[in-house]
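Some notes on the structure that comes next.
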Amino acid sequence: MAEVLVLVDHADGVVRKTTLEMLTLAARLGEPSAVYVGEGAEQAAATLGKYGAGTVYVVSGQANDYLVVPTVEALAHLMESSGAAAVLIPSNQHGKEMAARLAVRTSSGLITDAIDVRAGGDGVETTQSVFAGSYSVDATVTKGTPIITVKPNSCAPQEASGAGTVQQVDLAFSEAAKAARIVERKEKQKSGRPELTEAAIVVSGGRGTGGDFAKVESMADTLGAAVGASRAAVDAGWYPHTSQVGQTGKQVSPQLYVACGISGAIQHRAGMQTSKTIVAINKDEEAPIFELVDFGVVGDLFEVLPQAEEQVKAARG
């Protein structure tokens, strides 16, 4: 079976769930192999092998001292040396840039924001959610090696037996790749909640909160969820821009999305419409969000959320 390269999304050796999902999808196409950039590969190898990675290619941590080009050079080198059947990359800001550069460098087809990846009669097939989530399309790369960015929460990670053998990649980066150096990094202040784009549950607030996100945050903490916000809430200065869900914010696809006081403008729907189950709370029964939801509650979020939170706590004992 041909290798399928998966770019590992990690934080200091801790492998993120998005990587495990991609390894599960890669197993449908061939033999999964992980590409790990940075330090902590030995710590991560056991986890990667547990989810099917036969080989863990380790690229020098020096790549993280620069922008995305060194990682792109490493992926291109591995594509050529391994004869990879496909490359799966996390569908985040850096991942999409890497994928685009890699596609140009290797004259290969590119598919972004895939929510499903599988083997088909014409090669690797994908499903994407397009036009603000209004349609789903199936696509196939017809040139070169398929390069695919995969949205978080696209599938449930499945354990598989993989050797997880660590193999160092001996590669000298070009001078052009080292043209832009990163001189400083600042860690994001931790809230104790899951990362928005990776969370299985997201509770978001909009204009209907009036700027008071206390009930939204309390419900999120009860559910172990991330907190999101609509553009209206962010533009009003009620919540940080990093928490904005929508076409001009972050794209999320959780198992459960709870929209509180959000009207459901197309800009917001574009960022959350692929959520598996959608619940909305809004006082306006004509709000567009109700056209999209699986469950809708017409009511005041400040009255509904505390009642819902009590029920969740009671159900948990």
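We label chains A, B, ... in the order they appear in the structure tokens, count residues from 1 in each chain, and number ligands from 1 in the order shown.
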
Q.
DSSP on the backbone, alpha helix (DSSP H) only: what residues of segment 155-307 of chain A does that give? Format it as an NGL selection string.
A. :A and (214-223 or 231-235 or 266-272 or 301-307)

Please run DSSP on the backbone and report, as a PDB file with N, CA and C atoms, in the first residue's frame, all residues within segment 77-182 of chain A that come out as strand (DSSP E).
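Output file result26.pdb follows:
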```pdb
ATOM      1  N   ALA A  86      -1.209  10.520  -1.134  1.00  0.00           N
ATOM      2  CA  ALA A  86      -1.944  11.743  -0.788  1.00  0.00           C
ATOM      3  C   ALA A  86      -1.253  12.400   0.397  1.00  0.00           C
ATOM      4  N   VAL A  87      -1.565  13.678   0.610  1.00  0.00           N
ATOM      5  CA  VAL A  87      -1.059  14.413   1.766  1.00  0.00           C
ATOM      6  C   VAL A  87      -2.248  15.079   2.447  1.00  0.00           C
ATOM      7  N   LEU A  88      -2.406  14.824   3.751  1.00  0.00           N
ATOM      8  CA  LEU A  88      -3.479  15.435   4.527  1.00  0.00           C
ATOM      9  C   LEU A  88      -2.883  16.456   5.492  1.00  0.00           C
ATOM     10  N   ILE A  89      -3.481  17.640   5.506  1.00  0.00           N
ATOM     11  CA  ILE A  89      -2.965  18.762   6.288  1.00  0.00           C
ATOM     12  C   ILE A  89      -4.125  19.386   7.054  1.00  0.00           C
ATOM     13  N   PRO A  90      -3.906  19.826   8.301  1.00  0.00           N
ATOM     14  CA  PRO A  90      -4.997  20.470   9.051  1.00  0.00           C
ATOM     15  C   PRO A  90      -5.512  21.711   8.328  1.00  0.00           C
ATOM     16  N   LEU A 110      -5.229  20.530  -5.421  1.00  0.00           N
ATOM     17  CA  LEU A 110      -5.462  20.905  -4.030  1.00  0.00           C
ATOM     18  C   LEU A 110      -6.955  20.965  -3.741  1.00  0.00           C
ATOM     19  N   ILE A 111      -7.355  20.396  -2.608  1.00  0.00           N
ATOM     20  CA  ILE A 111      -8.729  20.499  -2.114  1.00  0.00           C
ATOM     21  C   ILE A 111      -8.658  21.002  -0.678  1.00  0.00           C
ATOM     22  N   THR A 112      -9.400  22.059  -0.371  1.00  0.00           N
ATOM     23  CA  THR A 112      -9.379  22.628   0.979  1.00  0.00           C
ATOM     24  C   THR A 112     -10.709  22.387   1.691  1.00  0.00           C
ATOM     25  N   ASP A 113     -10.640  22.379   3.014  1.00  0.00           N
ATOM     26  CA  ASP A 113     -11.827  22.274   3.871  1.00  0.00           C
ATOM     27  C   ASP A 113     -12.645  21.016   3.603  1.00  0.00           C
ATOM     28  N   ALA A 114     -11.971  19.902   3.397  1.00  0.00           N
ATOM     29  CA  ALA A 114     -12.684  18.638   3.218  1.00  0.00           C
ATOM     30  C   ALA A 114     -13.306  18.204   4.541  1.00  0.00           C
ATOM     31  N   ILE A 115     -14.518  17.661   4.466  1.00  0.00           N
ATOM     32  CA  ILE A 115     -15.172  17.124   5.663  1.00  0.00           C
ATOM     33  C   ILE A 115     -15.283  15.599   5.583  1.00  0.00           C
ATOM     34  N   ASP A 116     -14.833  15.036   4.449  1.00  0.00           N
ATOM     35  CA  ASP A 116     -14.765  13.585   4.312  1.00  0.00           C
ATOM     36  C   ASP A 116     -13.733  13.256   3.244  1.00  0.00           C
ATOM     37  N   VAL A 117     -12.975  12.184   3.470  1.00  0.00           N
ATOM     38  CA  VAL A 117     -11.955  11.727   2.523  1.00  0.00           C
ATOM     39  C   VAL A 117     -12.082  10.217   2.409  1.00  0.00           C
ATOM     40  N   ARG A 118     -12.044   9.701   1.179  1.00  0.00           N
ATOM     41  CA  ARG A 118     -12.225   8.268   0.976  1.00  0.00           C
ATOM     42  C   ARG A 118     -11.597   7.851  -0.345  1.00  0.00           C
ATOM     43  N   ALA A 119     -11.389   6.573  -0.504  1.00  0.00           N
ATOM     44  CA  ALA A 119     -10.890   6.032  -1.776  1.00  0.00           C
ATOM     45  C   ALA A 119     -12.067   5.803  -2.703  1.00  0.00           C
ATOM     46  N   GLY A 120     -11.901   6.197  -3.965  1.00  0.00           N
ATOM     47  CA  GLY A 120     -12.960   6.029  -4.951  1.00  0.00           C
ATOM     48  C   GLY A 120     -12.432   5.398  -6.220  1.00  0.00           C
ATOM     49  N   GLY A 123      -9.746   7.499  -7.805  1.00  0.00           N
ATOM     50  CA  GLY A 123      -8.667   7.931  -6.915  1.00  0.00           C
ATOM     51  C   GLY A 123      -9.221   8.410  -5.584  1.00  0.00           C
ATOM     52  N   VAL A 124      -8.577   9.424  -5.032  1.00  0.00           N
ATOM     53  CA  VAL A 124      -8.999   9.970  -3.738  1.00  0.00           C
ATOM     54  C   VAL A 124     -10.195  10.892  -3.953  1.00  0.00           C
ATOM     55  N   GLU A 125     -11.283  10.625  -3.245  1.00  0.00           N
ATOM     56  CA  GLU A 125     -12.481  11.444  -3.336  1.00  0.00           C
ATOM     57  C   GLU A 125     -12.696  12.187  -2.019  1.00  0.00           C
ATOM     58  N   THR A 126     -13.245  13.389  -2.114  1.00  0.00           N
ATOM     59  CA  THR A 126     -13.512  14.185  -0.916  1.00  0.00           C
ATOM     60  C   THR A 126     -14.922  14.757  -0.979  1.00  0.00           C
ATOM     61  N   THR A 127     -15.400  15.162   0.178  1.00  0.00           N
ATOM     62  CA  THR A 127     -16.636  15.939   0.260  1.00  0.00           C
ATOM     63  C   THR A 127     -16.306  17.255   0.938  1.00  0.00           C
ATOM     64  N   GLN A 128     -16.824  18.346   0.377  1.00  0.00           N
ATOM     65  CA  GLN A 128     -16.630  19.676   0.936  1.00  0.00           C
ATOM     66  C   GLN A 128     -17.979  20.335   1.147  1.00  0.00           C
ATOM     67  N   SER A 129     -18.041  21.226   2.132  1.00  0.00           N
ATOM     68  CA  SER A 129     -19.213  22.058   2.349  1.00  0.00           C
ATOM     69  C   SER A 129     -18.904  23.433   1.756  1.00  0.00           C
ATOM     70  N   VAL A 130     -19.725  23.871   0.794  1.00  0.00           N
ATOM     71  CA  VAL A 130     -19.408  25.106   0.065  1.00  0.00           C
ATOM     72  C   VAL A 130     -20.577  26.084   0.100  1.00  0.00           C
ATOM     73  N   TYR A 135     -24.359  23.891   0.271  1.00  0.00           N
ATOM     74  CA  TYR A 135     -24.247  22.716  -0.590  1.00  0.00           C
ATOM     75  C   TYR A 135     -23.069  21.857  -0.145  1.00  0.00           C
ATOM     76  N   SER A 136     -23.154  20.578  -0.463  1.00  0.00           N
ATOM     77  CA  SER A 136     -22.022  19.668  -0.312  1.00  0.00           C
ATOM     78  C   SER A 136     -21.614  19.210  -1.704  1.00  0.00           C
ATOM     79  N   VAL A 137     -20.316  19.186  -1.955  1.00  0.00           N
ATOM     80  CA  VAL A 137     -19.833  18.760  -3.264  1.00  0.00           C
ATOM     81  C   VAL A 137     -18.796  17.657  -3.086  1.00  0.00           C
ATOM     82  N   ASP A 138     -18.782  16.744  -4.027  1.00  0.00           N
ATOM     83  CA  ASP A 138     -17.760  15.705  -4.075  1.00  0.00           C
ATOM     84  C   ASP A 138     -16.719  16.120  -5.098  1.00  0.00           C
ATOM     85  N   ALA A 139     -15.441  15.940  -4.767  1.00  0.00           N
ATOM     86  CA  ALA A 139     -14.369  16.372  -5.660  1.00  0.00           C
ATOM     87  C   ALA A 139     -13.264  15.333  -5.703  1.00  0.00           C
ATOM     88  N   THR A 140     -12.541  15.321  -6.808  1.00  0.00           N
ATOM     89  CA  THR A 140     -11.412  14.420  -6.999  1.00  0.00           C
ATOM     90  C   THR A 140     -10.266  15.194  -7.637  1.00  0.00           C
ATOM     91  N   ILE A 147      -3.503  16.821  -2.530  1.00  0.00           N
ATOM     92  CA  ILE A 147      -3.143  17.549  -1.310  1.00  0.00           C
ATOM     93  C   ILE A 147      -4.441  18.087  -0.740  1.00  0.00           C
ATOM     94  N   ILE A 148      -4.769  17.679   0.486  1.00  0.00           N
ATOM     95  CA  ILE A 148      -6.099  17.932   1.035  1.00  0.00           C
ATOM     96  C   ILE A 148      -5.976  18.529   2.431  1.00  0.00           C
ATOM     97  N   THR A 149      -6.652  19.650   2.664  1.00  0.00           N
ATOM     98  CA  THR A 149      -6.762  20.155   4.033  1.00  0.00           C
ATOM     99  C   THR A 149      -8.087  19.674   4.605  1.00  0.00           C
ATOM    100  N   VAL A 150      -8.037  19.169   5.835  1.00  0.00           N
ATOM    101  CA  VAL A 150      -9.189  18.513   6.450  1.00  0.00           C
ATOM    102  C   VAL A 150      -9.687  19.340   7.638  1.00  0.00           C
ATOM    103  N   THR A 165       7.312   4.076  14.054  1.00  0.00           N
ATOM    104  CA  THR A 165       8.775   4.109  13.995  1.00  0.00           C
ATOM    105  C   THR A 165       9.267   5.518  13.655  1.00  0.00           C
ATOM    106  N   VAL A 166      10.116   6.053  14.506  1.00  0.00           N
ATOM    107  CA  VAL A 166      10.633   7.412  14.299  1.00  0.00           C
ATOM    108  C   VAL A 166      11.772   7.389  13.281  1.00  0.00           C
ATOM    109  N   GLN A 167      11.680   8.255  12.306  1.00  0.00           N
ATOM    110  CA  GLN A 167      12.713   8.344  11.270  1.00  0.00           C
ATOM    111  C   GLN A 167      13.050   9.814  11.033  1.00  0.00           C
ATOM    112  N   GLN A 168      14.290  10.167  11.290  1.00  0.00           N
ATOM    113  CA  GLN A 168      14.722  11.545  11.102  1.00  0.00           C
ATOM    114  C   GLN A 168      14.812  11.883   9.606  1.00  0.00           C
TER     115      GLN A 168
END
```

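Those residues that approach segment 75-79 of chain A to within 7 Å, counting only C-alpha atoms, are Thr71, Gly83, Ala84, Leu102 and Thr106 of chain A; same-chain residues fewer than 4 positions away are not listed.
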
Go through segment 146-259 of chain A residue by residue and, counting only C-alpha atoms, keep those with an atom at most 8 Å from segment 299-302 of chain A; for each kept residue give the shortest atom pair and its distance in Å to one decimal, ordered by chain and increasing number, as a tab-separated table.
```
residue	atom	partner	partner_atom	distance
A:Gly208	CA	A:Leu301	CA	7.8
A:Thr209	CA	A:Leu301	CA	7.6
A:Lys215	CA	A:Phe302	CA	6.7
```

Take the residues that were just selected and, keeping N, CA and C atoms, output them as a compact mmCIF listing (two decimals), in the first residue's frame.
```txt
# COMPACT_ATOMS: atom_id res chain seq x y z
N GLY A 208 -28.03 39.21 20.94
CA GLY A 208 -29.05 39.01 21.97
C GLY A 208 -28.51 38.95 23.38
N THR A 209 -27.20 38.79 23.55
CA THR A 209 -26.62 38.78 24.89
C THR A 209 -26.56 40.18 25.48
N LYS A 215 -23.93 34.00 31.15
CA LYS A 215 -24.75 32.79 31.04
C LYS A 215 -24.22 31.86 29.94
```

Q) Counting only C-alpha atoms, which of A:Val183, A:Ser134, A:Gly121, A:Ala176 gets nearest to Thr274 of chain A? A)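 Nearest candidate to Thr274 of chain A out of A:Val183, A:Ser134, A:Gly121, A:Ala176: A:Ser134.
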
Hey, which bits of segment 127-164 of chain A sit within 10 Å of segment 25-43 of chain A, and for each residue what's the closest pair of atoms and how far apart in Å (one decimal), counting only C-alpha atoms, rows by chain and increasing number, as a Markdown table?
```
| residue | atom | partner | partner_atom | distance |
| --- | --- | --- | --- | --- |
| A:Val150 | CA | A:Leu25 | CA | 9.4 |
| A:Ser154 | CA | A:Leu25 | CA | 9.0 |
| A:Cys155 | CA | A:Leu25 | CA | 7.7 |
| A:Ala156 | CA | A:Leu25 | CA | 9.4 |
| A:Pro157 | CA | A:Leu25 | CA | 8.5 |
| A:Gln158 | CA | A:Leu25 | CA | 9.3 |
| A:Ala160 | CA | A:Ala27 | CA | 8.9 |
| A:Gly162 | CA | A:Pro32 | CA | 8.5 |
| A:Ala163 | CA | A:Ser33 | CA | 10.0 |
| A:Gly164 | CA | A:Ser33 | CA | 8.3 |
```

(Q) When you look at Ala308 of chain A with a cut-off of 12 Å (counting only C-alpha atoms), what residues show up, excluding the ones that are within fewer than 3 positions of it in the same chain? I need them as a list in words. (A) Lys215, Val216, Ser218, Met219, Ala220, Thr222, Leu223, Val258, Val279, Ile281, Val297, Leu301, Phe302, Glu303, Val304, Leu305, Gln311, Val312, Lys313, Ala314 and Ala315 of chain A

Q: Please provide as a list in words all residues within 12 Å of Gln62 of chain A, with the sequence filter that same-chain residues fewer than 6 positions apart are discarded (counting only C-alpha atoms).
A: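 With the cut-off at 12 Å, the set is Val37, Gly38, Glu39, Val68, Val69, Pro70, Thr71, Ala74, Leu171, Ala172, Phe173, Ala177, Lys178, Arg181 and Ile182 of chain A.
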
(Q) What's the separation between atom CA of Asp294 of chain A and atom CA of Thr277 of chain A, in Å to one decimal place? (A)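 Computing it gives 6.1 Å between the two atoms.
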